[in-house]
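All remarks here apply to the structure that follows.
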Amino acid sequence: MNIYIEALIAFHIILGAFFIFVGSFGMIKLPELMSRLHGPSKATTLGVGGFLVGSMIHFGATEGRISIQEILITFFLFITAPVTAHFIAKAYMHAELKPEKLPKPDGRYGWNTYASVEDVKLAAREQATGSDLQG
Amino acid sequence: MINYALALGFIAVSLALLMNLWRLATGPTVMDRVLAVDTMVINTIALIILYGIRESTAVYFESALLMAMFGFISTVAYCRFVLRGDVIE
């Protein structure tokens with residue numbers, strides 16, 4: 001195998017290893033869950049992406065074909081990581097945080113995730129009638 | 001050259017898995033533990049990919065794909081359970 005291609009694969013593997021390590025290190029180092037969520041959802045995903053790019057170059061150089069599995073894994077991980085982070089943050093907000101302790105949003109309505117059914121119906125009715133009452 | 005990079009990758013991913021295990025054991029809230037398990041699944045996928053590069057075979061990538069899917073579904077199920085007390089309503 002060409003030495004430059006080998007160096008490229010090694011570079012991608014080292015990059016991925018560094019980012020995976022940083023992601024898990026941030027998860028044990030940061031103070032509470034909302035900041036801990038940054039490590040696994042961004043750095044670890046990027047690290048796995050680095051491994052997958054290295055693997056694609058490796059199999060392209062040794063066997064001369066583009067393997068579809070790496071593209072599928074990359075696609076799937078990069079789609080599901082934000083969804084997972086959103087779900088964990090939402091469940092944490094409902095389980096641990098109280099809405100009074102959070103910063104208040106600018107608009108007329110509060111946090112959407114804490115809104116009750118009556119709040120949502122009221123907002124929809126106001127929007128439908130176009131009324132400008134101060135809620 | 002690739003062998004040294006692979007050794008470094010194995011060491012880094014193994015240390016990351018140990019740190020996830022620490023967070024799983026000592027996490028103050030339930031969601032910390034869910035996050036730790038989710039990260040462990042992603043790190044296991046990374047380990048499988050590294051093993052596939054080392055053995056020069058693409059057989060293991062299907063299992064990595066399966067683990068990605070099941071990890072996502074199990075994390076969403078845990079979050080639904082904490083949110084609603086039920087997975088499928």
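Quick note on naming: the chains in the structure tokens go A, B, ... in the order shown, residues restart at 1 in each chain, and ligands are numbered from 1 in order of appearance.
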
For chain B, work out the contacting residues on chain A at 8 Å, counting only C-alpha atoms, and write them as a count of residues only.
42

Of the residues A:Ser67, A:Asn112, A:Thr74, A:Asn2, which is the one nearest to Leu46 of chain A, using only C-alpha atoms?
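Counting only C-alpha atoms, the residue closest to Leu46 of chain A is A:Thr74.
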
Run DSSP on the backbone and tell me which residues of chain A come out as alpha helix (DSSP H); list them as a PyMOL selection string.
chain A and resi 3-29+33-36+38+45-63+68-95+117-129

Between atom CA of Ser35 of chain A and atom CA of Phe19 of chain A, what is the spacing in Å?
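Result for atom CA of Phe19 of chain A versus atom CA of Ser35 of chain A: 16.8 Å, one decimal.
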
Mind giving me the straight-line distance from atom CA of Met56 of chain A to atom CA of Met1 of chain A in Å, one decimal?
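These two atoms are separated by 14.6 Å.
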
Could you name the residues that touch Ala123 of chain A at 9 Å or less, counting only C-alpha atoms, but leaving out those on the same chain fewer than 5 positions away, as an MDAnalysis selection string?
chainID A and resid 109 118 128

Interatomic distance between atom CA of Leu97 of chain A and atom CA of Ser116 of chain A?
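Answer for the atom CA of Leu97 of chain A to atom CA of Ser116 of chain A separation: 16.4 Å.
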